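Source file: query.tsv (TSV, C-alpha atoms)
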```tsv
chain	number	residue	atom	x	y	z
V	1	MET	CA	14.27	7.41	29.48
V	2	PRO	CA	12.04	4.31	29.55
V	3	LEU	CA	8.65	4.46	31.25
V	4	TYR	CA	7.56	1.68	33.62
V	5	MET	CA	4.36	0.70	35.36
V	6	ASP	CA	4.41	-1.54	38.40
V	7	VAL	CA	1.75	-3.24	40.47
V	8	HIS	CA	1.62	-3.69	44.23
V	9	ASN	CA	-0.86	-6.15	45.74
V	10	LEU	CA	-1.46	-4.66	49.19
V	11	PRO	CA	-4.21	-6.13	51.41
V	12	GLY	CA	-5.99	-3.42	53.37
V	13	VAL	CA	-4.28	-0.59	51.49
V	14	LYS	CA	-5.60	2.95	52.07
V	15	ALA	CA	-5.22	6.06	49.95
V	16	ARG	CA	-3.38	7.98	52.66
V	17	ASN	CA	-0.79	5.20	53.10
V	18	VAL	CA	-0.05	5.27	49.37
V	19	ALA	CA	0.20	9.06	49.34
V	20	GLU	CA	2.80	8.87	52.14
V	21	ALA	CA	4.79	6.18	50.30
V	22	HIS	CA	4.66	8.21	47.07
V	23	GLN	CA	5.94	11.27	48.94
V	24	LYS	CA	8.95	9.24	50.13
V	25	ASP	CA	9.60	8.12	46.54
V	26	LEU	CA	9.53	11.74	45.38
V	27	ALA	CA	11.99	12.75	48.11
V	28	HIS	CA	14.55	10.15	47.00
V	29	GLN	CA	13.79	9.60	43.30
V	30	GLU	CA	16.85	11.49	42.03
V	31	GLU	CA	19.17	9.17	43.95
V	32	TYR	CA	17.99	6.33	41.68
V	33	GLY	CA	17.68	8.33	38.46
V	34	CYS	CA	13.87	8.03	38.56
V	35	ASN	CA	10.94	10.36	37.95
V	36	CYS	CA	7.81	9.24	39.83
V	37	MET	CA	5.02	10.59	37.66
V	38	THR	CA	1.83	9.33	39.32
V	39	TYR	CA	-0.03	6.29	40.62
V	40	TRP	CA	-3.46	4.67	40.72
V	41	ILE	CA	-4.97	3.17	43.87
V	42	ASP	CA	-8.00	0.91	44.22
V	43	GLU	CA	-8.84	0.28	47.87
V	44	ALA	CA	-11.61	-2.20	47.02
V	45	ARG	CA	-9.33	-4.39	44.87
V	46	GLU	CA	-6.34	-3.74	47.14
V	47	LYS	CA	-4.02	-2.76	44.31
V	48	VAL	CA	-1.68	0.12	43.56
V	49	PHE	CA	-0.07	0.91	40.17
V	50	CYS	CA	2.85	3.33	39.90
V	51	LEU	CA	4.04	5.12	36.75
V	52	ILE	CA	7.75	5.89	36.83
V	53	GLU	CA	10.42	7.02	34.39
V	54	ALA	CA	13.57	5.10	35.21
V	55	PRO	CA	16.84	3.93	33.62
V	56	ASN	CA	15.73	0.30	34.07
V	57	GLN	CA	13.34	-1.98	35.95
V	58	GLU	CA	15.89	-2.65	38.69
V	59	ALA	CA	16.02	1.07	39.56
V	60	VAL	CA	12.25	1.07	40.15
V	61	GLU	CA	12.47	-1.94	42.45
V	62	GLU	CA	15.48	-0.61	44.35
V	63	MET	CA	13.93	2.83	44.89
V	64	HIS	CA	10.69	1.36	46.27
V	65	GLY	CA	12.60	-1.09	48.44
V	66	LYS	CA	14.88	1.52	49.98
V	67	THR	CA	12.37	4.35	50.43
V	68	HIS	CA	9.40	2.50	51.97
V	69	GLY	CA	9.92	-1.24	51.48
V	70	LEU	CA	6.94	-1.85	49.21
V	71	ILE	CA	8.53	-3.99	46.51
V	72	PRO	CA	6.34	-4.25	43.37
V	73	ASN	CA	4.88	-7.62	42.43
V	74	ARG	CA	5.53	-6.95	38.75
V	75	VAL	CA	7.05	-4.22	36.58
V	76	ILE	CA	6.53	-3.75	32.82
V	77	GLU	CA	7.75	-1.17	30.33
V	78	VAL	CA	4.93	0.93	28.86
V	79	ASN	CA	4.27	3.58	26.24
V	80	THR	CA	3.29	7.08	27.37
V	81	LEU	CA	0.59	7.53	24.74
V	82	LEU	CA	-0.99	4.14	25.48
V	83	VAL	CA	-1.07	4.81	29.22
V	84	GLU	CA	-2.84	8.10	28.63
V	85	SER	CA	-5.22	6.53	26.09
V	86	PHE	CA	-6.23	3.66	28.35
V	87	LEU	CA	-6.13	5.40	31.74
V	88	GLY	CA	-6.80	9.03	30.87
V	89	ARG	CA	-3.75	10.62	32.49
V	90	ILE	CA	0.01	10.30	33.11
V	91	TYR	CA	0.21	12.80	35.99
V	92	ASP	CA	-1.70	13.18	39.24
V	93	PRO	CA	-5.43	14.00	38.94
V	94	ALA	CA	-6.00	17.73	38.65
V	95	ASP	CA	-8.68	17.63	41.37
V	96	ALA	CA	-6.64	15.67	43.94
V	97	ARG	CA	-7.08	17.18	47.41
V	98	VAL	CA	-4.12	18.33	49.45
V	99	SER	CA	-4.17	17.72	53.21
V	100	SER	CA	-3.27	20.36	55.78
V	101	GLU	CA	0.28	18.95	56.00
V	102	GLY	CA	0.71	19.20	52.21
V	103	LEU	CA	0.03	15.54	51.40
V	104	LYS	CA	-1.78	14.91	48.10
V	105	VAL	CA	-4.34	12.16	48.77
V	106	PHE	CA	-6.59	10.58	46.14
V	107	GLU	CA	-8.19	7.28	45.21
V	108	ASP	CA	-8.31	6.66	41.47
V	109	PRO	CA	-8.79	3.01	40.42
V	110	SER	CA	-7.06	1.77	37.29
V	111	TYR	CA	-9.58	-0.97	36.49
V	112	ARG	CA	-10.97	-0.45	32.99
V	113	VAL	CA	-13.64	-2.12	30.90
V	114	LEU	CA	-12.40	-2.51	27.34
V	115	LEU	CA	-14.64	-2.71	24.30
V	116	VAL	CA	-12.90	-4.44	21.40
V	117	THR	CA	-14.36	-4.27	17.90
V	118	ARG	CA	-13.19	-6.24	14.89
V	119	ASN	CA	-14.23	-5.51	11.32
V	120	ALA	CA	-13.52	-6.92	7.88
V	121	ASP	CA	-10.09	-6.12	6.45
V	122	PRO	CA	-10.22	-2.83	4.48
V	123	VAL	CA	-8.06	-4.43	1.76
V	124	LEU	CA	-10.61	-7.21	1.28
V	125	LEU	CA	-13.44	-4.66	1.33
V	126	LYS	CA	-11.66	-2.66	-1.37
V	127	HIS	CA	-11.33	-5.82	-3.43
V	128	GLN	CA	-15.03	-6.55	-2.98
V	129	PHE	CA	-16.59	-3.07	-3.20
V	130	GLY	CA	-14.02	-0.88	-4.93
V	131	PRO	CA	-14.14	2.85	-4.03
V	132	ARG	CA	-17.34	2.35	-1.97
V	133	ALA	CA	-15.24	0.53	0.65
V	134	HIS	CA	-13.75	3.87	1.71
V	135	ASP	CA	-17.21	5.29	2.43
V	136	LEU	CA	-18.21	2.19	4.42
V	137	ILE	CA	-15.12	2.41	6.61
V	138	ALA	CA	-15.50	6.16	7.10
V	139	SER	CA	-19.12	5.66	8.15
V	140	PHE	CA	-18.11	2.89	10.55
V	141	ASN	CA	-15.40	5.06	12.10
V	142	GLY	CA	-17.89	7.90	12.54
V	143	ILE	CA	-20.43	5.66	14.29
V	144	ILE	CA	-17.86	4.19	16.66
V	145	ARG	CA	-16.24	7.50	17.57
V	146	GLY	CA	-19.50	9.39	17.90
V	147	THR	CA	-21.08	6.74	20.11
V	148	LEU	CA	-18.09	6.14	22.38
V	149	SER	CA	-17.81	9.88	23.00
V	150	ALA	CA	-21.43	10.00	24.16
V	151	TYR	CA	-20.76	7.30	26.77
V	152	GLY	CA	-17.43	8.57	28.09
V	153	GLY	CA	-15.28	6.04	26.25
V	154	HIS	CA	-11.69	6.76	25.24
V	155	GLU	CA	-10.24	5.46	21.99
V	156	ALA	CA	-7.18	3.57	23.19
V	157	GLU	CA	-6.13	1.83	19.98
V	158	ARG	CA	-7.16	1.79	16.34
V	159	ASP	CA	-5.86	-0.39	13.53
V	160	ARG	CA	-7.16	-1.74	10.23
V	161	ASP	CA	-9.19	-4.42	11.98
V	162	GLY	CA	-11.02	-2.40	14.62
V	163	PHE	CA	-11.01	-0.33	17.80
V	164	VAL	CA	-10.11	-0.75	21.46
V	165	VAL	CA	-12.15	1.60	23.64
V	166	SER	CA	-11.52	2.15	27.36
V	167	PHE	CA	-14.28	2.86	29.91
V	168	THR	CA	-14.24	3.52	33.65
V	169	SER	CA	-17.90	2.42	33.87
V	170	ALA	CA	-18.99	-1.12	32.94
V	171	THR	CA	-22.60	0.01	32.50
V	172	ALA	CA	-21.58	2.80	30.12
V	173	ALA	CA	-19.43	0.35	28.16
V	174	VAL	CA	-22.29	-2.13	27.73
V	175	ARG	CA	-24.81	0.54	26.75
V	176	CYS	CA	-22.33	2.00	24.28
V	177	ALA	CA	-21.82	-1.42	22.67
V	178	LEU	CA	-25.57	-1.95	22.41
V	179	GLU	CA	-26.05	1.41	20.69
V	180	MET	CA	-23.17	0.73	18.29
V	181	GLN	CA	-24.65	-2.65	17.47
V	182	GLN	CA	-28.02	-1.07	16.72
V	183	LYS	CA	-26.54	1.62	14.46
V	184	LEU	CA	-24.52	-0.95	12.50
V	185	ARG	CA	-27.44	-3.24	11.73
V	186	ASP	CA	-28.39	-1.71	8.38
V	187	GLY	CA	-27.58	-3.48	5.11
V	188	ASP	CA	-24.56	-1.41	4.12
V	189	HIS	CA	-22.72	-1.94	7.38
V	190	ALA	CA	-23.39	-5.68	7.36
V	191	ALA	CA	-20.54	-5.99	4.85
V	192	LEU	CA	-18.13	-4.83	7.57
V	193	GLU	CA	-18.80	-8.03	9.56
V	194	VAL	CA	-18.39	-6.17	12.84
V	195	ARG	CA	-17.84	-8.21	15.99
V	196	MET	CA	-17.66	-6.82	19.53
V	197	ALA	CA	-16.49	-8.06	22.91
V	198	LEU	CA	-16.24	-6.54	26.39
V	199	ASN	CA	-13.80	-7.49	29.11
V	200	GLY	CA	-12.50	-5.78	32.23
V	201	GLY	CA	-9.16	-5.84	33.99
V	202	GLU	CA	-6.09	-4.10	35.37
V	203	PRO	CA	-3.22	-2.56	33.39
V	204	VAL	CA	-0.57	-4.94	34.76
V	205	GLU	CA	-1.28	-8.63	35.31
V	206	GLN	CA	0.69	-11.51	33.75
V	207	SER	CA	1.28	-10.05	30.28
V	208	ALA	CA	4.22	-7.80	29.47
V	209	LYS	CA	1.80	-5.57	27.53
V	210	LEU	CA	-0.40	-2.87	29.05
V	211	PHE	CA	-3.84	-4.45	29.63
V	212	GLY	CA	-2.47	-7.43	27.71
V	213	ASP	CA	-4.41	-10.09	29.63
V	214	THR	CA	-7.68	-8.19	29.31
V	215	LEU	CA	-7.17	-7.67	25.59
V	216	HIS	CA	-6.17	-11.29	24.98
V	217	LEU	CA	-9.47	-12.67	26.31
V	218	ALA	CA	-11.49	-9.88	24.67
V	219	ASP	CA	-9.91	-10.71	21.32
V	220	ALA	CA	-10.64	-14.44	21.76
V	221	LEU	CA	-14.25	-13.64	22.64
V	222	CYS	CA	-14.48	-11.35	19.63
V	223	ARG	CA	-13.46	-14.23	17.36
V	224	VAL	CA	-16.35	-16.43	18.56
V	225	SER	CA	-19.03	-13.80	19.16
V	226	GLY	CA	-20.57	-13.89	15.69
V	227	GLU	CA	-21.92	-10.78	14.04
V	228	GLY	CA	-25.27	-10.88	15.79
V	229	ARG	CA	-24.18	-10.76	19.45
V	230	ILE	CA	-21.79	-8.90	21.73
V	231	ALA	CA	-19.47	-11.19	23.69
V	232	LEU	CA	-19.56	-10.31	27.37
V	233	ALA	CA	-16.78	-11.59	29.64
V	234	ALA	CA	-17.74	-12.84	33.09
V	235	ALA	CA	-15.83	-9.94	34.69
V	236	VAL	CA	-18.14	-7.43	32.98
V	237	ARG	CA	-21.29	-9.52	33.27
V	238	ASP	CA	-20.91	-9.58	37.06
V	239	LEU	CA	-20.53	-5.78	37.17
V	240	VAL	CA	-23.67	-5.07	35.11
V	241	ALA	CA	-25.92	-7.98	36.07
V	242	LYS	CA	-28.42	-5.72	37.84
V	243	ASP	CA	-28.37	-2.99	35.18
V	244	LEU	CA	-28.69	-5.15	32.06
V	245	PRO	CA	-32.22	-4.90	30.62
V	246	TYR	CA	-33.85	-8.30	30.16
V	247	ASP	CA	-35.03	-7.41	26.66
V	248	HIS	CA	-31.38	-6.99	25.60
V	249	ARG	CA	-29.97	-10.20	27.03
V	250	ASP	CA	-30.39	-12.16	23.82
V	251	ARG	CA	-28.00	-9.69	22.18
V	252	PHE	CA	-25.06	-11.00	24.23
V	253	LEU	CA	-22.89	-14.08	24.15
V	254	VAL	CA	-21.92	-15.07	27.69
V	255	LEU	CA	-19.77	-18.13	28.32
V	256	SER	CA	-19.50	-20.03	31.57
V	257	PRO	CA	-16.34	-19.21	33.56
V	258	ARG	CA	-15.00	-22.67	32.72
V	259	ASP	CA	-15.55	-22.25	28.96
V	260	GLU	CA	-14.10	-18.75	29.10
V	261	LYS	CA	-10.88	-20.05	30.63
V	262	LEU	CA	-10.73	-22.85	28.08
V	263	LEU	CA	-11.23	-20.45	25.17
V	264	GLU	CA	-8.48	-18.21	26.52
V	265	ALA	CA	-6.16	-21.22	26.88
V	266	LEU	CA	-6.87	-22.44	23.33
V	267	PHE	CA	-5.86	-19.09	21.85
V	268	THR	CA	-2.88	-18.72	24.19
V	269	ILE	CA	-1.54	-22.02	22.85
V	270	LEU	CA	-2.10	-20.87	19.27
V	271	GLU	CA	-0.30	-17.59	20.00
V	272	GLU	CA	2.68	-19.51	21.30
V	273	HIS	CA	2.93	-22.08	18.48
V	274	TRP	CA	1.43	-20.69	15.27
V	275	GLN	CA	4.83	-20.14	13.64
V	276	ASP	CA	6.01	-23.67	14.40
V	277	ALA	CA	5.40	-25.75	11.27
V	278	ASP	CA	5.77	-28.93	13.34
V	279	PHE	CA	2.97	-27.97	15.72
V	280	ASN	CA	0.07	-30.34	15.08
V	281	MET	CA	-3.03	-31.69	16.77
V	282	ALA	CA	-1.03	-34.04	18.98
V	283	GLY	CA	0.92	-31.04	20.26
V	284	TYR	CA	-2.28	-29.00	20.64
V	285	GLY	CA	-3.85	-31.76	22.71
V	286	MET	CA	-0.76	-32.12	24.87
V	287	ALA	CA	-0.50	-28.37	25.47
V	288	SER	CA	-4.17	-28.15	26.43
V	289	ALA	CA	-4.07	-31.36	28.52
V	290	MET	CA	-6.89	-32.96	26.50
V	291	SER	CA	-7.28	-36.08	24.45
V	292	ALA	CA	-7.84	-35.73	20.71
V	293	SER	CA	-11.58	-36.37	21.08
V	294	GLN	CA	-11.90	-33.89	23.98
V	295	LEU	CA	-9.98	-31.23	22.06
V	296	TYR	CA	-12.17	-31.71	19.00
V	297	ARG	CA	-15.41	-31.60	21.00
V	298	LYS	CA	-14.48	-28.57	23.09
V	299	THR	CA	-12.99	-26.59	20.20
V	300	THR	CA	-15.92	-27.14	17.86
V	301	GLY	CA	-18.36	-26.34	20.65
V	302	LEU	CA	-16.69	-23.03	21.48
V	303	THR	CA	-15.53	-21.83	18.07
V	304	GLY	CA	-17.57	-23.74	15.50
V	305	MET	CA	-14.30	-24.99	13.98
V	306	SER	CA	-12.25	-28.14	14.39
V	307	PRO	CA	-8.82	-27.73	16.02
V	308	ASN	CA	-7.17	-28.08	12.60
V	309	GLU	CA	-9.44	-25.43	11.08
V	310	LEU	CA	-8.85	-23.11	14.04
V	311	LEU	CA	-5.07	-23.44	13.71
V	312	GLN	CA	-5.14	-22.87	9.97
V	313	ASN	CA	-7.40	-19.82	10.26
V	314	PHE	CA	-5.21	-18.39	12.99
V	315	ARG	CA	-2.11	-18.81	10.83
V	316	LEU	CA	-3.81	-17.16	7.87
V	317	GLU	CA	-4.84	-14.18	10.01
V	318	LYS	CA	-1.27	-13.87	11.26
V	319	ALA	CA	0.03	-14.11	7.68
V	320	ARG	CA	-2.16	-11.14	6.83
V	321	GLU	CA	-0.67	-9.20	9.75
V	322	LEU	CA	2.83	-10.02	8.56
V	323	MET	CA	2.04	-8.72	5.07
V	324	ARG	CA	0.85	-5.43	6.53
V	325	LYS	CA	3.92	-4.91	8.70
V	326	ARG	CA	6.49	-4.93	5.91
V	327	PRO	CA	6.80	-6.20	2.33
V	328	TYR	CA	7.46	-9.92	2.35
V	329	ASN	CA	7.70	-12.36	-0.53
V	330	ILE	CA	5.25	-15.24	-0.54
V	331	ALA	CA	7.92	-17.81	0.34
V	332	GLN	CA	8.90	-15.87	3.46
V	333	ILE	CA	5.27	-15.37	4.51
V	334	THR	CA	4.66	-19.09	4.07
V	335	PHE	CA	7.58	-20.00	6.31
V	336	ASP	CA	6.95	-17.32	8.97
V	337	SER	CA	3.26	-18.22	9.35
V	338	GLY	CA	3.84	-21.91	9.97
V	339	PHE	CA	3.05	-23.31	6.52
V	340	THR	CA	5.53	-25.61	4.79
V	341	SER	CA	4.33	-25.22	1.19
V	342	ALA	CA	3.87	-21.92	-0.66
V	343	SER	CA	1.36	-23.53	-3.03
V	344	TYR	CA	-0.69	-24.88	-0.13
V	345	PHE	CA	-0.52	-21.53	1.68
V	346	THR	CA	-1.71	-19.76	-1.48
V	347	LYS	CA	-4.58	-22.22	-1.86
V	348	CYS	CA	-5.69	-21.76	1.77
V	349	PHE	CA	-5.36	-17.96	1.59
V	350	LYS	CA	-7.45	-17.79	-1.59
V	351	LYS	CA	-10.13	-20.02	-0.08
V	352	LYS	CA	-10.44	-17.94	3.11
V	353	PHE	CA	-10.11	-14.41	1.72
V	354	ASN	CA	-11.19	-14.92	-1.92
V	355	LEU	CA	-7.98	-13.21	-2.99
V	356	LEU	CA	-4.53	-14.48	-3.89
V	357	PRO	CA	-1.71	-13.49	-1.50
V	358	MET	CA	0.15	-11.65	-4.26
V	359	ALA	CA	-2.95	-9.64	-5.10
V	360	TYR	CA	-3.33	-8.77	-1.40
V	361	LEU	CA	0.25	-7.49	-1.33
V	362	GLU	CA	-0.40	-5.43	-4.46
V	363	TYR	CA	-3.41	-3.77	-2.80
V	364	LEU	CA	-1.24	-2.95	0.23
V	365	GLN	CA	1.47	-1.47	-1.97
V	366	GLY	CA	-1.13	0.60	-3.79
V	367	ASP	CA	-2.42	2.00	-0.47
V	368	ALA	CA	1.15	2.88	0.55
V	369	ARG	CA	1.83	4.93	-2.58
```
Would you write out, as structure tokens, the structure that this file holds?
Amino acid sequence: MPLYMDVHNLPGVKARNVAEAHQKDLAHQEEYGCNCMTYWIDEAREKVFCLIEAPNQEAVEEMHGKTHGLIPNRVIEVNTLLVESFLGRIYDPADARVSSEGLKVFEDPSYRVLLVTRNADPVLLKHQFGPRAHDLIASFNGIIRGTLSAYGGHEAERDRDGFVVSFTSATAAVRCALEMQQKLRDGDHAALEVRMALNGGEPVEQSAKLFGDTLHLADALCRVSGEGRIALAAAVRDLVAKDLPYDHRDRFLVLSPRDEKLLEALFTILEEHWQDADFNMAGYGMASAMSASQLYRKTTGLTGMSPNELLQNFRLEKARELMRKRPYNIAQITFDSGFTSASYFTKCFKKKFNLLPMAYLEYLQGDAR
């Protein structure tokens, strides 16, 4: 049965009120074919998130509406393993207290600070360093996992390009990132081109993906952080402002709230249009509500690339992702990544990655065997 997470925005909400509402859900869940697994409540942020197995989204909404009237503001389908990885549990906390009338009452916020790391593509490292690439990646993995464990971080996601680590404490997340950065500063690890960004948020916002909004901005910040600094989103900066040592402040990239929103918007537009071969700078300017000169000035200031360069690099990164998902031919990759000419795509790919697309595919096939 599918698993759903919903969000309720409830001004003045208290833990006991939510416990009572959850008890009503449990009493009637079978009538709607649901299994109410647990919830998270944050009194300070006035939010509640419920985790429910249900036949469909409508069953979740109907059950809540009929049992206590608290209709969710949004419902998304989620993955059990990801929920546990990001939030640490899929059932009620083991230490939740039970009141004298048998009511389980607890406050457990779902807000998480996410550390996103991005490293050089292992395929490109193998092309550059041969067998030594395996040792570099293994060393990197060991540093990340050993350090995050020391600071209470949970490995939420891992792919070829990096980690996503979840923290309940913003201070622990920042200190963990600083220690990782220090450990990765030696000459060997420099080849990994590691970038890091920190952002905080809730599991359900506008995105249909768990922590999707938080990850989207963190990824955009990661792209512009550079290898020498950790990108720190305003949401995290505000939480750690008093705890951040002054002698470490030059190790962070912090954008103004206005620039942060603009950066997020620029990459949102790219995400929506990168496969459209007809999408050009006129369309980019229109989508971002900027003139051509404004778009150029803002984009180069934030990313160090012109809008055209940013679009092309984004398409090339996406082409690489497509190659890793399943075996494509070059013509199909060209079309699906928004290029109109296979020869031009090949030229751009070779210039960016110092490797022909066909050779990249051959490396991937070799890894698969």
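For the residues V:Ala138, V:Lys126, V:Phe167, V:Arg97, ranking by smallest atom-to-atom distance to V:Ser110 using only C-alpha atoms places V:Phe167 first.
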Hey, what's within 8 Å of V:Met63 if we count only C-alpha atoms and toss same-chain stuff fewer than 2 positions away? As a PyMOL selection string, please? chain V and resi 25+28-29+32+59-61+65-67
Have a look at V:Thr38, V:Ser306, V:Gln332, V:Ser337 and name the one nearest to V:Glu271; count all atoms listed in the file. V:Ser337
Can you tell me how far atom CA of V:Arg297 sits from atom CA of V:Asp250, in Å to one decimal? 24.7 Å
Select, counting all atoms listed in the file, all protein, DNA and RNA residues no farther than 8 Å from (-23.9, -13.0, 22.8) in file coordinates, and express the selection as a list in words. Ser225, Gly226, Gly228, Arg229, Ile230, Ala231, Leu232, Arg249, Asp250, Arg251, Phe252, Leu253 and Val254 of chain V
Computed interatomic separation between atom CA of V:Arg175 and atom CA of V:Val194 (Å):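 It comes out at 16.7 Å.
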Spatial neighbours of stretch 6-21 of chain V, 9 Å, all atoms listed in the file, chain gap at least 5 places, as a VMD selection string: chain V and resid 26 39 41 to 52 60 64 67 to 68 70 to 77 103 to 107 203 to 205
Using all atoms listed in the file, can you tell me which of V:Leu310, V:Val123, V:Val83, V:Leu302 comes closest to V:Glu362?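 When distances to V:Glu362 are compared using all atoms listed in the file, the smallest one comes from V:Val123.
If you count all atoms listed in the file and ignore residues fewer than 4 places along the chain from stretch 206-216 of chain V, what sits within 8 Å of it is V:Ile76, V:Glu77, V:Val78, V:Leu82, V:Val83, V:Leu114, V:Val116, V:Asn199, V:Gly200, V:Gly201, V:Glu202, V:Ala220, V:Glu264.
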Within 8 Å of stretch 278-288 of chain V, counting only C-alpha atoms, which residues show up once you throw out same-chain ones fewer than 6 positions away? Write them as a list of chain:residue names, please.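 So, after excluding close chain neighbours, the residues are V:Ala265, V:Leu266, V:Ile269, V:Leu295, V:Pro307, V:Asn308.
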Quick one, how far is atom CA of V:Phe353 from atom CA of V:Ile143?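 So the answer is 25.8 Å.
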Emit stretch 268-290 of chain V of the structure in the block as a file comprising N, CA and C atoms, as a PDB file, in the first residue's frame.
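Saved the output as part-v3.pdb:
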```
ATOM      1  N   THR V 268      15.422  26.702 -10.900  1.00  0.00           N
ATOM      2  CA  THR V 268      14.079  26.157 -11.085  1.00  0.00           C
ATOM      3  C   THR V 268      13.671  26.257 -12.551  1.00  0.00           C
ATOM      4  N   ILE V 269      13.966  27.394 -13.162  1.00  0.00           N
ATOM      5  CA  ILE V 269      13.652  27.586 -14.581  1.00  0.00           C
ATOM      6  C   ILE V 269      14.432  26.591 -15.444  1.00  0.00           C
ATOM      7  N   LEU V 270      15.704  26.408 -15.132  1.00  0.00           N
ATOM      8  CA  LEU V 270      16.504  25.440 -15.880  1.00  0.00           C
ATOM      9  C   LEU V 270      15.932  24.029 -15.736  1.00  0.00           C
ATOM     10  N   GLU V 271      15.529  23.681 -14.529  1.00  0.00           N
ATOM     11  CA  GLU V 271      14.969  22.352 -14.281  1.00  0.00           C
ATOM     12  C   GLU V 271      13.709  22.125 -15.100  1.00  0.00           C
ATOM     13  N   GLU V 272      12.955  23.176 -15.311  1.00  0.00           N
ATOM     14  CA  GLU V 272      11.696  23.055 -16.044  1.00  0.00           C
ATOM     15  C   GLU V 272      11.892  23.017 -17.563  1.00  0.00           C
ATOM     16  N   HIS V 273      13.001  23.590 -18.063  1.00  0.00           N
ATOM     17  CA  HIS V 273      13.124  23.795 -19.513  1.00  0.00           C
ATOM     18  C   HIS V 273      14.347  23.162 -20.165  1.00  0.00           C
ATOM     19  N   TRP V 274      15.197  22.473 -19.414  1.00  0.00           N
ATOM     20  CA  TRP V 274      16.467  22.035 -19.991  1.00  0.00           C
ATOM     21  C   TRP V 274      16.304  21.059 -21.164  1.00  0.00           C
ATOM     22  N   GLN V 275      15.211  20.335 -21.218  1.00  0.00           N
ATOM     23  CA  GLN V 275      15.016  19.383 -22.311  1.00  0.00           C
ATOM     24  C   GLN V 275      14.374  20.003 -23.552  1.00  0.00           C
ATOM     25  N   ASP V 276      13.958  21.250 -23.433  1.00  0.00           N
ATOM     26  CA  ASP V 276      13.322  21.950 -24.539  1.00  0.00           C
ATOM     27  C   ASP V 276      14.393  22.596 -25.420  1.00  0.00           C
ATOM     28  N   ALA V 277      14.599  22.051 -26.602  1.00  0.00           N
ATOM     29  CA  ALA V 277      15.642  22.564 -27.503  1.00  0.00           C
ATOM     30  C   ALA V 277      15.350  23.989 -27.953  1.00  0.00           C
ATOM     31  N   ASP V 278      14.100  24.415 -27.880  1.00  0.00           N
ATOM     32  CA  ASP V 278      13.729  25.769 -28.302  1.00  0.00           C
ATOM     33  C   ASP V 278      13.886  26.795 -27.186  1.00  0.00           C
ATOM     34  N   PHE V 279      14.194  26.330 -25.995  1.00  0.00           N
ATOM     35  CA  PHE V 279      14.374  27.264 -24.871  1.00  0.00           C
ATOM     36  C   PHE V 279      15.674  28.034 -25.064  1.00  0.00           C
ATOM     37  N   ASN V 280      15.594  29.350 -25.091  1.00  0.00           N
ATOM     38  CA  ASN V 280      16.767  30.185 -25.336  1.00  0.00           C
ATOM     39  C   ASN V 280      16.815  31.327 -24.332  1.00  0.00           C
ATOM     40  N   MET V 281      17.702  32.282 -24.566  1.00  0.00           N
ATOM     41  CA  MET V 281      17.883  33.358 -23.611  1.00  0.00           C
ATOM     42  C   MET V 281      16.673  34.286 -23.533  1.00  0.00           C
ATOM     43  N   ALA V 282      15.957  34.419 -24.637  1.00  0.00           N
ATOM     44  CA  ALA V 282      14.738  35.221 -24.595  1.00  0.00           C
ATOM     45  C   ALA V 282      13.716  34.563 -23.657  1.00  0.00           C
ATOM     46  N   GLY V 283      13.600  33.239 -23.764  1.00  0.00           N
ATOM     47  CA  GLY V 283      12.694  32.512 -22.886  1.00  0.00           C
ATOM     48  C   GLY V 283      13.155  32.543 -21.439  1.00  0.00           C
ATOM     49  N   TYR V 284      14.462  32.461 -21.237  1.00  0.00           N
ATOM     50  CA  TYR V 284      15.037  32.511 -19.879  1.00  0.00           C
ATOM     51  C   TYR V 284      14.717  33.865 -19.240  1.00  0.00           C
ATOM     52  N   GLY V 285      14.916  34.927 -20.010  1.00  0.00           N
ATOM     53  CA  GLY V 285      14.631  36.259 -19.491  1.00  0.00           C
ATOM     54  C   GLY V 285      13.164  36.439 -19.171  1.00  0.00           C
ATOM     55  N   MET V 286      12.301  35.928 -20.046  1.00  0.00           N
ATOM     56  CA  MET V 286      10.860  36.049 -19.821  1.00  0.00           C
ATOM     57  C   MET V 286      10.435  35.269 -18.580  1.00  0.00           C
ATOM     58  N   ALA V 287      10.962  34.053 -18.431  1.00  0.00           N
ATOM     59  CA  ALA V 287      10.603  33.216 -17.283  1.00  0.00           C
ATOM     60  C   ALA V 287      11.086  33.802 -15.968  1.00  0.00           C
ATOM     61  N   SER V 288      12.213  34.514 -16.013  1.00  0.00           N
ATOM     62  CA  SER V 288      12.769  35.111 -14.791  1.00  0.00           C
ATOM     63  C   SER V 288      12.358  36.566 -14.607  1.00  0.00           C
ATOM     64  N   ALA V 289      11.543  37.087 -15.526  1.00  0.00           N
ATOM     65  CA  ALA V 289      11.046  38.469 -15.466  1.00  0.00           C
ATOM     66  C   ALA V 289      12.188  39.482 -15.430  1.00  0.00           C
ATOM     67  N   MET V 290      13.203  39.243 -16.278  1.00  0.00           N
ATOM     68  CA  MET V 290      14.343  40.155 -16.370  1.00  0.00           C
ATOM     69  C   MET V 290      14.649  40.458 -17.827  1.00  0.00           C
TER      70      MET V 290
END
```
